[in-house]
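Just work15.txt here, compact mmCIF, C-alpha atoms and all ligand atoms:
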```
# COMPACT_ATOMS: atom_id res chain seq x y z
CA MET A 1 164.11 91.10 78.40
CA LYS A 2 167.67 91.74 77.57
CA GLY A 3 169.09 93.37 80.63
CA LYS A 4 167.32 96.70 80.77
CA GLY A 5 164.16 95.62 82.50
CA THR A 6 160.57 96.55 81.70
CA LYS A 7 159.91 99.52 83.94
CA ASN A 8 158.87 101.88 81.15
CA SER A 9 156.67 99.28 79.43
CA GLY A 10 155.04 98.57 82.78
CA ARG A 11 154.31 102.24 83.37
CA LEU A 12 152.94 102.74 79.85
CA PHE A 13 150.74 99.65 80.21
CA ALA A 14 149.34 100.89 83.54
CA ALA A 15 148.37 104.19 81.89
CA ALA A 16 146.90 102.40 78.88
CA GLN A 17 144.72 100.15 81.04
CA ASN A 18 142.92 103.20 82.41
CA ILE A 19 141.67 104.27 79.02
CA LEU A 20 142.02 101.31 76.61
CA PRO A 21 140.07 98.15 77.54
CA GLY A 22 142.71 95.66 78.62
CA GLY A 23 145.36 98.27 77.84
CA VAL A 24 145.48 97.39 74.12
CA ASP A 25 143.62 97.96 70.86
CA SER A 26 143.66 94.30 69.81
CA PRO A 27 143.38 91.46 72.33
CA VAL A 28 146.36 89.25 71.52
CA ARG A 29 148.76 92.14 72.15
CA ALA A 30 148.00 91.95 75.87
CA PHE A 31 150.29 88.92 76.58
CA ARG A 32 147.54 87.32 78.72
CA ALA A 33 148.07 83.85 77.23
CA VAL A 34 151.59 83.84 78.62
CA GLY A 35 150.66 85.46 81.93
CA ARG A 36 152.75 88.60 81.39
CA THR A 37 152.31 92.25 80.49
CA PRO A 38 153.13 93.56 77.02
CA LEU A 39 156.25 95.33 75.88
CA PHE A 40 155.70 98.78 74.41
CA ILE A 41 157.57 99.18 71.15
CA ARG A 42 159.30 102.41 70.28
CA ARG A 43 160.77 101.65 66.88
CA GLY A 44 161.79 98.93 64.45
CA LYS A 45 164.37 98.49 61.72
CA GLY A 46 164.67 95.42 59.52
CA ALA A 47 164.12 92.34 61.66
CA ARG A 48 164.75 94.25 64.92
CA ILE A 49 162.43 96.03 67.33
CA PHE A 50 163.33 98.22 70.29
CA ASP A 51 161.10 98.61 73.33
CA ALA A 52 160.41 101.53 75.63
CA ASP A 53 163.19 100.43 78.00
CA GLY A 54 165.80 100.23 75.26
CA ASN A 55 165.80 96.41 74.91
CA ALA A 56 166.38 95.06 71.40
CA TYR A 57 164.70 91.97 69.99
CA THR A 58 164.73 89.97 66.79
CA ASP A 59 161.06 90.14 65.79
CA TYR A 60 159.08 87.13 64.57
CA VAL A 61 155.66 88.77 65.01
CA MET A 62 156.32 91.32 62.30
CA SER A 63 153.06 93.14 62.97
CA TRP A 64 151.35 89.72 62.66
CA GLY A 65 152.30 89.26 59.03
CA PRO A 66 152.36 92.45 56.96
CA LEU A 67 156.10 93.19 57.14
CA VAL A 68 157.51 90.79 54.56
CA PHE A 69 160.46 93.16 54.03
CA GLY A 70 160.89 94.01 57.71
CA HIS A 71 160.36 97.17 59.75
CA ALA A 72 160.76 100.62 58.24
CA TYR A 73 161.38 99.10 54.79
CA PRO A 74 163.07 102.01 53.02
CA ALA A 75 161.12 101.76 49.73
CA ALA A 76 157.79 101.73 51.60
CA VAL A 77 158.81 104.56 53.93
CA ARG A 78 159.90 106.70 50.97
CA ALA A 79 156.66 106.02 49.10
CA VAL A 80 154.58 106.84 52.17
CA ARG A 81 156.45 110.11 52.79
CA ARG A 82 156.02 111.18 49.20
CA ALA A 83 152.32 110.27 49.13
CA ALA A 84 151.59 111.88 52.51
CA GLY A 85 153.07 115.17 51.35
CA ARG A 86 150.47 115.27 48.58
CA GLY A 87 147.43 114.68 50.75
CA LEU A 88 146.29 112.04 53.21
CA SER A 89 142.89 111.24 51.75
CA PHE A 90 140.60 112.50 49.00
CA GLY A 91 137.53 110.32 48.86
CA ALA A 92 137.93 110.49 45.09
CA PRO A 93 139.62 108.04 42.74
CA THR A 94 143.42 108.00 42.47
CA ALA A 95 145.57 106.22 39.88
CA ARG A 96 147.38 104.16 42.50
CA GLU A 97 144.20 102.23 43.34
CA THR A 98 144.10 100.84 39.81
CA GLN A 99 147.84 100.11 39.91
CA LEU A 100 147.57 98.23 43.19
CA ALA A 101 144.57 96.23 41.97
CA GLU A 102 146.59 95.36 38.85
CA GLU A 103 149.53 94.19 41.01
CA ILE A 104 147.18 91.92 42.96
CA ALA A 105 145.57 90.57 39.78
CA PHE A 106 148.99 89.93 38.22
CA ALA A 107 150.07 87.79 41.16
CA CYS A 108 146.65 86.21 41.67
CA PRO A 109 145.07 85.76 38.22
CA HIS A 110 141.79 84.46 39.67
CA CYS A 111 141.28 88.05 40.83
CA GLU A 112 139.89 89.34 37.55
CA MET A 113 138.51 92.31 39.46
CA VAL A 114 139.49 93.70 42.85
CA ARG A 115 137.94 95.93 45.52
CA LEU A 116 140.23 97.68 48.01
CA VAL A 117 139.17 98.01 51.64
CA SER A 118 140.93 98.90 54.89
CA SER A 119 141.19 95.70 56.94
CA GLY A 120 141.19 91.95 56.53
CA THR A 121 137.98 91.82 58.55
CA GLU A 122 136.28 94.04 56.00
CA ALA A 123 137.69 92.07 53.07
CA VAL A 124 136.37 88.70 54.24
CA MET A 125 133.09 90.09 55.53
CA SER A 126 132.47 91.81 52.20
CA ALA A 127 133.45 88.75 50.16
CA VAL A 128 130.98 86.67 52.17
CA ARG A 129 128.23 89.21 51.48
CA LEU A 130 129.13 89.08 47.81
CA ALA A 131 129.00 85.28 47.79
CA ARG A 132 125.54 85.47 49.35
CA GLY A 133 124.43 88.09 46.86
CA PHE A 134 125.72 86.09 43.92
CA THR A 135 124.27 82.73 44.95
CA GLY A 136 121.10 84.00 46.62
CA ARG A 137 121.90 81.69 49.55
CA ASP A 138 122.39 82.55 53.25
CA LYS A 139 124.50 79.87 54.86
CA ILE A 140 128.28 79.64 54.88
CA VAL A 141 130.68 76.88 55.88
CA LYS A 142 133.80 77.75 57.90
CA PHE A 143 136.34 75.66 59.75
CA ALA A 144 136.94 75.39 63.48
CA GLY A 145 140.09 77.30 64.42
CA CYS A 146 140.12 79.45 61.29
CA TYR A 147 140.00 83.19 61.95
CA HIS A 148 138.47 85.52 59.38
CA GLY A 149 138.35 88.80 61.28
CA HIS A 150 135.71 89.89 63.75
CA ALA A 151 132.52 90.18 61.68
CA ASP A 152 129.52 88.70 63.50
CA GLY A 153 128.93 85.63 61.39
CA LEU A 154 132.60 84.70 61.31
CA LEU A 155 133.22 84.79 65.07
CA VAL A 156 132.13 81.22 65.42
CA ARG A 157 134.81 78.81 66.58
CA ALA A 158 137.36 81.31 65.36
CA GLY A 159 141.09 81.19 66.06
CA SER A 160 143.72 83.74 67.08
CA GLY A 161 142.71 86.04 69.95
CA CYS A 162 139.39 84.21 70.41
CA LEU A 163 141.21 80.96 70.96
CA THR A 164 143.75 82.57 73.21
CA GLY A 165 141.10 84.09 75.45
CA GLY A 166 139.47 80.69 75.79
CA VAL A 167 136.23 82.23 74.52
CA PRO A 168 135.41 80.53 71.25
CA ASP A 169 132.48 82.86 70.59
CA SER A 170 131.97 86.52 71.38
CA LEU A 171 129.24 88.10 73.46
CA GLY A 172 127.08 90.34 71.34
CA VAL A 173 126.90 88.11 68.28
CA PRO A 174 123.20 87.55 67.53
CA ALA A 175 122.22 83.89 67.46
CA ALA A 176 120.63 84.54 64.07
CA CYS A 177 124.02 85.56 62.61
CA ALA A 178 125.89 82.63 64.10
CA GLY A 179 123.08 80.32 62.99
CA ASP A 180 123.89 80.78 59.32
CA THR A 181 127.50 79.73 59.95
CA LEU A 182 128.10 75.99 59.67
CA VAL A 183 131.37 74.73 61.12
CA ALA A 184 133.44 71.83 59.82
CA GLY A 185 136.75 70.42 61.04
CA TYR A 186 139.89 71.59 59.25
CA ASN A 187 141.22 68.90 56.92
CA ASP A 188 137.89 67.03 57.20
CA LEU A 189 136.45 66.81 53.69
CA GLN A 190 133.81 64.28 54.75
CA GLY A 191 132.49 66.79 57.30
CA VAL A 192 132.15 69.44 54.60
CA ARG A 193 130.43 66.95 52.31
CA ARG A 194 127.92 66.10 55.06
CA LEU A 195 127.12 69.79 55.67
CA LEU A 196 126.69 70.53 51.97
CA GLU A 197 124.35 67.56 51.61
CA GLU A 198 122.35 68.35 54.74
CA TYR A 199 121.97 72.00 53.67
CA ARG A 200 121.67 71.28 49.96
CA GLY A 201 121.10 74.45 47.92
CA GLN A 202 121.54 76.71 50.97
CA VAL A 203 125.31 77.22 51.21
CA ALA A 204 126.64 80.38 49.56
CA CYS A 205 130.33 79.72 50.15
CA VAL A 206 132.95 77.68 51.90
CA VAL A 207 135.43 80.08 53.49
CA VAL A 208 138.83 78.72 54.45
CA GLU A 209 142.33 79.78 55.38
CA PRO A 210 144.10 77.71 52.71
CA VAL A 211 146.91 77.33 55.24
CA ALA A 212 145.38 77.69 58.69
CA ALA A 213 147.59 80.11 60.61
CA ASN A 214 145.39 81.40 63.42
CA MET A 215 145.39 78.23 65.52
CA GLY A 216 149.11 77.94 64.97
CA VAL A 217 150.10 76.81 61.52
CA VAL A 218 148.03 73.84 60.34
CA PRO A 219 148.81 73.04 56.70
CA PRO A 220 146.12 71.62 54.41
CA GLN A 221 146.52 67.89 53.96
CA GLU A 222 147.18 66.58 50.46
CA GLY A 223 143.95 66.88 48.48
CA PHE A 224 142.05 68.97 51.06
CA LEU A 225 141.89 72.20 49.05
CA ARG A 226 141.30 70.35 45.77
CA GLY A 227 138.53 68.41 47.51
CA LEU A 228 136.90 71.65 48.68
CA ARG A 229 137.03 72.95 45.11
CA ALA A 230 135.25 69.83 43.83
CA LEU A 231 132.64 69.88 46.61
CA CYS A 232 131.87 73.56 45.99
CA ASP A 233 131.51 72.91 42.26
CA GLY A 234 129.20 69.98 42.93
CA HIS A 235 126.94 72.06 45.17
CA GLY A 236 126.95 75.44 43.42
CA ALA A 237 128.73 77.04 46.38
CA LEU A 238 131.61 79.50 45.95
CA LEU A 239 135.07 78.71 47.30
CA LEU A 240 136.43 81.70 49.24
CA PHE A 241 140.11 81.65 50.17
CA ASP A 242 140.99 83.90 53.09
CA GLU A 243 144.53 84.71 52.02
CA VAL A 244 144.91 87.61 54.44
CA ILE A 245 148.00 85.90 55.91
CA THR A 246 148.97 83.54 53.08
CA GLY A 247 148.66 86.02 50.18
CA PHE A 248 152.12 87.10 48.94
CA ARG A 249 153.52 85.06 51.86
CA VAL A 250 153.50 81.31 51.16
CA ALA A 251 154.20 82.11 47.49
CA TYR A 252 154.04 85.25 45.36
CA GLY A 253 150.54 84.15 44.26
CA GLY A 254 149.64 82.97 47.77
CA ALA A 255 148.24 79.57 48.65
CA ALA A 256 146.27 79.43 45.38
CA GLU A 257 149.59 79.34 43.54
CA ARG A 258 151.40 77.15 46.05
CA TYR A 259 148.70 74.45 46.03
CA GLY A 260 147.44 74.95 42.48
CA VAL A 261 143.81 75.41 43.53
CA THR A 262 141.75 78.31 42.17
CA PRO A 263 139.14 79.93 44.41
CA ASP A 264 136.12 81.88 43.13
CA LEU A 265 136.82 84.71 45.56
CA ALA A 266 139.84 85.57 47.68
CA ALA A 267 140.55 88.05 50.46
CA TYR A 268 143.92 89.70 51.01
CA GLY A 269 145.29 91.90 53.78
CA LYS A 270 148.45 92.23 55.83
CA ILE A 271 151.24 92.14 53.16
CA VAL A 272 149.11 93.89 50.48
CA GLY A 273 149.04 97.04 52.63
CA GLY A 274 152.80 97.09 53.12
CA GLY A 275 152.27 97.81 56.83
CA MET A 276 149.46 100.31 56.32
CA PRO A 277 145.71 99.69 56.88
CA LEU A 278 144.72 98.24 53.52
CA ALA A 279 143.16 94.99 52.36
CA ALA A 280 141.36 93.71 49.28
CA TYR A 281 139.03 91.12 47.91
CA GLY A 282 138.75 89.90 44.37
CA GLY A 283 137.57 87.12 42.16
CA ARG A 284 135.84 86.14 38.96
CA ARG A 285 134.60 89.06 36.91
CA GLU A 286 130.98 87.84 36.75
CA ILE A 287 130.88 87.74 40.56
CA MET A 288 132.78 90.98 41.22
CA ARG A 289 130.47 92.83 38.83
CA LEU A 290 127.82 92.53 41.53
CA VAL A 291 129.74 94.88 43.86
CA ALA A 292 128.26 98.41 44.10
CA PRO A 293 128.13 100.65 42.16
CA ALA A 294 128.49 98.11 39.31
CA GLY A 295 125.95 95.85 41.00
CA GLY A 296 123.61 95.45 43.92
CA VAL A 297 125.90 94.19 46.70
CA TYR A 298 126.60 97.27 48.78
CA GLN A 299 130.05 97.84 50.20
CA ALA A 300 131.83 101.17 50.75
CA GLY A 301 134.56 102.89 52.74
CA THR A 302 135.64 106.49 53.43
CA LEU A 303 139.31 105.47 53.55
CA SER A 304 139.11 102.58 51.04
CA GLY A 305 142.07 102.68 48.66
CA ASN A 306 143.64 105.42 50.76
CA PRO A 307 146.44 107.20 48.85
CA VAL A 308 149.08 106.72 51.56
CA ALA A 309 148.18 103.07 52.13
CA THR A 310 148.18 102.26 48.41
CA ALA A 311 151.63 103.87 48.13
CA ALA A 312 152.99 101.49 50.77
CA GLY A 313 151.23 98.49 49.22
CA LEU A 314 152.52 99.31 45.76
CA ALA A 315 156.09 99.75 46.99
CA VAL A 316 155.99 96.28 48.56
CA LEU A 317 154.04 94.38 45.88
CA SER A 318 156.09 95.79 43.00
CA ARG A 319 159.32 94.74 44.73
CA LEU A 320 157.92 91.30 45.47
CA ARG A 321 157.08 90.98 41.77
CA GLU A 322 160.56 92.08 40.67
CA GLY A 323 162.38 90.05 43.30
CA ARG A 324 160.13 87.01 43.64
CA ALA A 325 162.69 84.57 42.24
CA ARG A 326 165.02 85.51 45.11
CA VAL A 327 162.66 86.47 47.93
CA TYR A 328 160.51 83.34 48.19
CA PRO A 329 163.37 80.79 48.09
CA ARG A 330 165.11 82.86 50.75
CA LEU A 331 162.01 82.98 52.99
CA GLU A 332 161.67 79.22 52.48
CA ALA A 333 165.29 78.58 53.46
CA LEU A 334 165.16 80.76 56.59
CA GLY A 335 161.89 79.11 57.62
CA ALA A 336 163.41 75.67 57.11
CA ARG A 337 166.37 76.56 59.36
CA LEU A 338 164.03 77.50 62.19
CA GLU A 339 161.90 74.41 61.62
CA GLY A 340 165.05 72.31 61.90
CA ALA A 341 165.94 73.91 65.23
CA PHE A 342 162.55 73.00 66.76
CA ALA A 343 162.69 69.50 65.32
CA ALA A 344 166.20 68.99 66.72
CA ALA A 345 164.90 70.12 70.12
CA GLY A 346 162.23 67.42 69.98
CA VAL A 347 159.29 69.81 69.48
CA ALA A 348 156.57 69.12 66.90
CA VAL A 349 156.60 71.90 64.33
CA SER A 350 154.45 72.84 61.32
CA ARG A 351 155.79 75.05 58.57
CA VAL A 352 154.66 76.40 55.23
CA GLY A 353 157.32 78.67 53.77
CA SER A 354 158.04 81.52 56.19
CA LEU A 355 155.11 80.64 58.48
CA LEU A 356 155.79 78.20 61.28
CA THR A 357 154.55 77.16 64.71
CA PRO A 358 156.11 74.90 67.36
CA PHE A 359 153.53 72.79 69.19
CA PHE A 360 154.57 71.75 72.68
CA GLY A 361 153.31 68.56 74.23
CA CYS A 362 152.02 66.86 71.09
CA ALA A 363 153.59 63.83 69.48
CA ARG A 364 153.00 65.13 65.96
CA PRO A 365 151.91 68.43 64.43
CA PRO A 366 148.15 68.94 64.89
CA GLN A 367 145.90 68.53 61.85
CA ASN A 368 142.87 70.39 63.22
CA TYR A 369 141.53 72.55 66.04
CA GLU A 370 140.85 69.70 68.48
CA GLU A 371 144.41 68.46 68.15
CA VAL A 372 145.75 72.00 68.61
CA LEU A 373 143.81 72.38 71.86
CA ALA A 374 145.40 69.17 73.18
CA CYS A 375 148.86 70.83 73.19
CA ASP A 376 150.63 72.08 76.31
CA GLY A 377 150.06 75.79 77.05
CA ALA A 378 152.24 75.81 80.18
CA ALA A 379 155.27 74.56 78.24
CA PHE A 380 154.62 77.28 75.65
CA SER A 381 154.70 80.02 78.31
CA ALA A 382 158.06 78.76 79.60
CA TYR A 383 159.40 78.68 76.05
CA PHE A 384 158.07 82.20 75.37
CA SER A 385 159.75 83.69 78.47
CA ALA A 386 163.03 81.94 77.70
CA MET A 387 162.96 83.28 74.12
CA LEU A 388 162.21 86.83 75.29
CA ALA A 389 165.10 86.65 77.77
CA ARG A 390 167.32 85.77 74.80
CA GLY A 391 166.17 88.76 72.75
CA GLN A 392 163.70 86.84 70.60
CA TYR A 393 160.22 88.35 70.22
CA VAL A 394 157.72 85.65 69.22
CA ALA A 395 153.92 85.77 69.35
CA PRO A 396 152.71 85.74 72.97
CA SER A 397 150.33 82.84 72.34
CA PRO A 398 150.71 79.20 71.34
CA TYR A 399 148.03 79.64 68.66
CA GLU A 400 149.94 81.92 66.30
CA ALA A 401 152.52 81.67 63.56
CA MET A 402 156.12 82.87 63.58
CA PHE A 403 156.64 85.25 60.65
CA VAL A 404 160.04 85.32 58.99
CA SER A 405 160.79 88.31 56.78
CA ALA A 406 163.23 88.92 53.96
CA ALA A 407 164.97 91.36 56.32
CA HIS A 408 166.01 88.56 58.67
CA THR A 409 169.67 87.75 58.05
CA ALA A 410 171.05 84.23 58.12
CA ALA A 411 173.15 85.26 61.14
CA GLN A 412 170.09 86.54 63.02
CA VAL A 413 168.22 83.33 62.27
CA GLU A 414 171.21 81.25 63.47
CA ARG A 415 171.17 83.15 66.76
CA THR A 416 167.44 82.49 67.01
CA CYS A 417 168.04 78.79 66.37
CA ARG A 418 170.42 78.71 69.32
CA ALA A 419 167.82 80.49 71.47
CA VAL A 420 165.21 77.97 70.26
CA ARG A 421 167.37 75.03 71.37
CA GLU A 422 167.95 76.54 74.82
CA SER A 423 164.36 77.74 75.27
CA CYS A 424 162.82 74.44 74.21
CA ALA A 425 165.13 72.59 76.60
CA ALA A 426 163.99 74.92 79.40
CA ALA A 427 160.33 74.49 78.47
CA LEU A 428 160.54 70.71 78.22
CA ALA A 429 162.42 70.27 81.53
CA PRO A 430 160.22 68.56 84.15
CA ARG A 431 158.25 71.18 86.06
CA ALA A 432 158.09 71.21 89.84
C1 LIG B 501 144.45 88.96 60.31
C2 LIG B 501 143.44 88.12 59.62
C3 LIG B 501 142.17 88.61 59.30
C4 LIG B 501 141.68 89.95 59.77
O1 LIG B 501 142.43 91.00 59.28
P1 LIG B 501 142.39 92.41 60.07
O2 LIG B 501 143.17 93.30 59.19
O3 LIG B 501 143.04 92.13 61.39
O4 LIG B 501 140.98 92.80 60.20
C5 LIG B 501 141.35 87.83 58.53
N1 LIG B 501 141.72 86.61 58.13
C6 LIG B 501 142.94 86.10 58.43
C7 LIG B 501 143.31 84.75 57.91
C8 LIG B 501 143.81 86.83 59.21
O5 LIG B 501 144.98 86.29 59.56
```
In structure tokens, what does this structure look like?
Ligand SMILES: *Cc1c(COP(=O)(O)O)cnc(C)c1O
Amino acid sequence: MKGKGTKNSGRLFAAAQNILPGGVDSPVRAFRAVGRTPLFIRRGKGARIFDADGNAYTDYVMSWGPLVFGHAYPAAVRAVRRAAGRGLSFGAPTARETQLAEEIAFACPHCEMVRLVSSGTEAVMSAVRLARGFTGRDKIVKFAGCYHGHADGLLVRAGSGCLTGGVPDSLGVPAACAGDTLVAGYNDLQGVRRLLEEYRGQVACVVVEPVAANMGVVPPQEGFLRGLRALCDGHGALLLFDEVITGFRVAYGGAAERYGVTPDLAAYGKIVGGGMPLAAYGGRREIMRLVAPAGGVYQAGTLSGNPVATAAGLAVLSRLREGRARVYPRLEALGARLEGAFAAAGVAVSRVGSLLTPFFGCARPPQNYEEVLACDGAAFSAYFSAMLARGQYVAPSPYEAMFVSAAHTAAQVERTCRAVRESCAAALAPRA
């Protein structure tokens, strides 16, 4: 809080709890992992957000990833206004859907064909169905601590809100669904090899966050993604990159470009919608041709490729294309400044481009889910509160990334670095 208290947020949260389970529409918003109640946000501009009590913060949640150009990005807002004035939804084809798919394919050439959907959950769930349809196999391999949305078969040792709640699996997921999901350790190629050999001829795809960012940022070790590619090829399984966070974030062409590894299928979300509900999956033509109505893998959506959402996505992706030679080096530099501040404060930190996570109470940055869980949640809560008191809004959970946007100024990031030094010192001080 910066001076003005939280009375209005508190009142709004009390009202919300009566009608919305837990007072929120998505669990991690509830601030439970840090033992607090959430701030209600009234508006945002650039890197700043303003809460219901009039407090201002520099935002490093950025809607959990979509806002690569910051809040109320003028080009996106203009495009949305123009599109909205011409109709909110048709349920018939519009030219912008083709244009947006072409933007995605230009940045991510392994996407020879693209299907637009409305959420990252839908994108990954549909890509998994497609992998099963294409291979005629039922099982999938995922990694502990990777989050792929909330579809039944993917809520197995998932990250993000599942991790935060301390409930690795959800009630209501049929054992039969979870049973087709095999779980390996992140960065553990031998584990994947063992699963593929044990279930020879049964694995449709290996689905991975090419940079894990839902258990905090855990980068792929040298050779991990290339090793997955080779293992999939050896076993006739498809490699599915969940680039919902990393797409257009860790490089213009996502992690596939950054690490030089080509998946068979990839899912996108967050940035591709420019802040609106839109996501996509794409891949090799021979696989994508199986999607209905071209082929027999059914997948549909009333609001898929929505005209207002595609307008926002196009505004953002076209400007990333035009400005990529400036935007990505800048995101990299701002991220590196923040990384340096944590390192100088003696906190282990992982960073890939503009995604970073400080890990309290570990000697070195964790390489997998088990190592993440060994970090110090109490120190994180102290750090979080100290940051908030200094006008810095970071994710209210130790298992999330900080998102830097192109709207963050060097001066804002310098102020954040100072807050990081002070907040880490407060968090690391011996507790009574
Ligand atoms: C956010 C996220 C999803 C789910 O996207 P939604 O739009 O929230 O459904 C899937 N995979 C990854 C890697 C994500 O970060």
- [ ] Could you tell me, counting all atoms listed in the file, which protein and nucleic acid residues lie no more than 8 Å from ligand LIG 501 (chain B), written as a PyMOL selection string?
- [x] chain A and resi 64-65+118-124+146-150+209+212-214+242-246+267+269-270+277-279
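Nearest to Asp188 of chain A of all the residues A:Val217, A:Ala251, A:Leu228, A:Leu334 is A:Leu228, counting only C-alpha atoms.
The space separating atom CA of Ala300 of chain A from atom CA of Asp152 of chain A comes to 18.0 Å.
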- [ ] Go ahead and compute the interatomic distance for atom CA of Met288 of chain A and atom CA of Asp138 of chain A, in Å to one decimal.
- [x] 18.0 Å
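Take atom CA of Leu356 of chain A and atom CA of Arg29 of chain A: the distance between them is 19.0 Å.
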Task: Polymer residues at most 12 Å from Leu116 of chain A, all atoms listed in the file, same-chain spacing of 4 or more positions, as a ChimeraX atom specification - done: /A:93,96-102,104,120,122-124,126-127,267-269,272-273,277-282,291,299-307,309-310,313
Task: Test item: residues at most 12 Å from Val77 of chain A, all atoms listed in the file, excluding those fewer than 5 positions along its chain, as a count of residues only - done: 19
Task: Shell of 9 Å around Tyr298 of chain A, all atoms listed in the file, local chain residues under 3 positions omitted, as an MDAnalysis selection string - done: chainID A and resid 126 129:130 290:293 295
Open item on the list: Using only C-alpha atoms, which protein or nucleic acid residues come within 8 Å of segment 391-398 of chain A? Drop anything in the same chain fewer than 6 positions from it, and give the result as JSON, numbers by chain.
Closed with: {"A": [1, 2, 28, 29, 31, 32, 33, 34, 55, 56, 57, 58, 59, 60, 61, 164, 215, 216, 357, 358, 359, 377, 380, 381, 384, 416, 419]}
Next, dump the selected residues to file, keeping only C-alpha atoms, as a PDB file, keeping the file's coordinate frame.
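See out19.pdb below for the written result:
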```
ATOM      1  CA  MET A   1     164.110  91.100  78.400  1.00  0.00           C
ATOM      2  CA  LYS A   2     167.670  91.740  77.570  1.00  0.00           C
ATOM      3  CA  VAL A  28     146.360  89.250  71.520  1.00  0.00           C
ATOM      4  CA  ARG A  29     148.760  92.140  72.150  1.00  0.00           C
ATOM      5  CA  PHE A  31     150.290  88.920  76.580  1.00  0.00           C
ATOM      6  CA  ARG A  32     147.540  87.320  78.720  1.00  0.00           C
ATOM      7  CA  ALA A  33     148.070  83.850  77.230  1.00  0.00           C
ATOM      8  CA  VAL A  34     151.590  83.840  78.620  1.00  0.00           C
ATOM      9  CA  ASN A  55     165.800  96.410  74.910  1.00  0.00           C
ATOM     10  CA  ALA A  56     166.380  95.060  71.400  1.00  0.00           C
ATOM     11  CA  TYR A  57     164.700  91.970  69.990  1.00  0.00           C
ATOM     12  CA  THR A  58     164.730  89.970  66.790  1.00  0.00           C
ATOM     13  CA  ASP A  59     161.060  90.140  65.790  1.00  0.00           C
ATOM     14  CA  TYR A  60     159.080  87.130  64.570  1.00  0.00           C
ATOM     15  CA  VAL A  61     155.660  88.770  65.010  1.00  0.00           C
ATOM     16  CA  THR A 164     143.750  82.570  73.210  1.00  0.00           C
ATOM     17  CA  MET A 215     145.390  78.230  65.520  1.00  0.00           C
ATOM     18  CA  GLY A 216     149.110  77.940  64.970  1.00  0.00           C
ATOM     19  CA  THR A 357     154.550  77.160  64.710  1.00  0.00           C
ATOM     20  CA  PRO A 358     156.110  74.900  67.360  1.00  0.00           C
ATOM     21  CA  PHE A 359     153.530  72.790  69.190  1.00  0.00           C
ATOM     22  CA  GLY A 377     150.060  75.790  77.050  1.00  0.00           C
ATOM     23  CA  PHE A 380     154.620  77.280  75.650  1.00  0.00           C
ATOM     24  CA  SER A 381     154.700  80.020  78.310  1.00  0.00           C
ATOM     25  CA  PHE A 384     158.070  82.200  75.370  1.00  0.00           C
ATOM     26  CA  THR A 416     167.440  82.490  67.010  1.00  0.00           C
ATOM     27  CA  ALA A 419     167.820  80.490  71.470  1.00  0.00           C
TER      28      ALA A 419
END
```
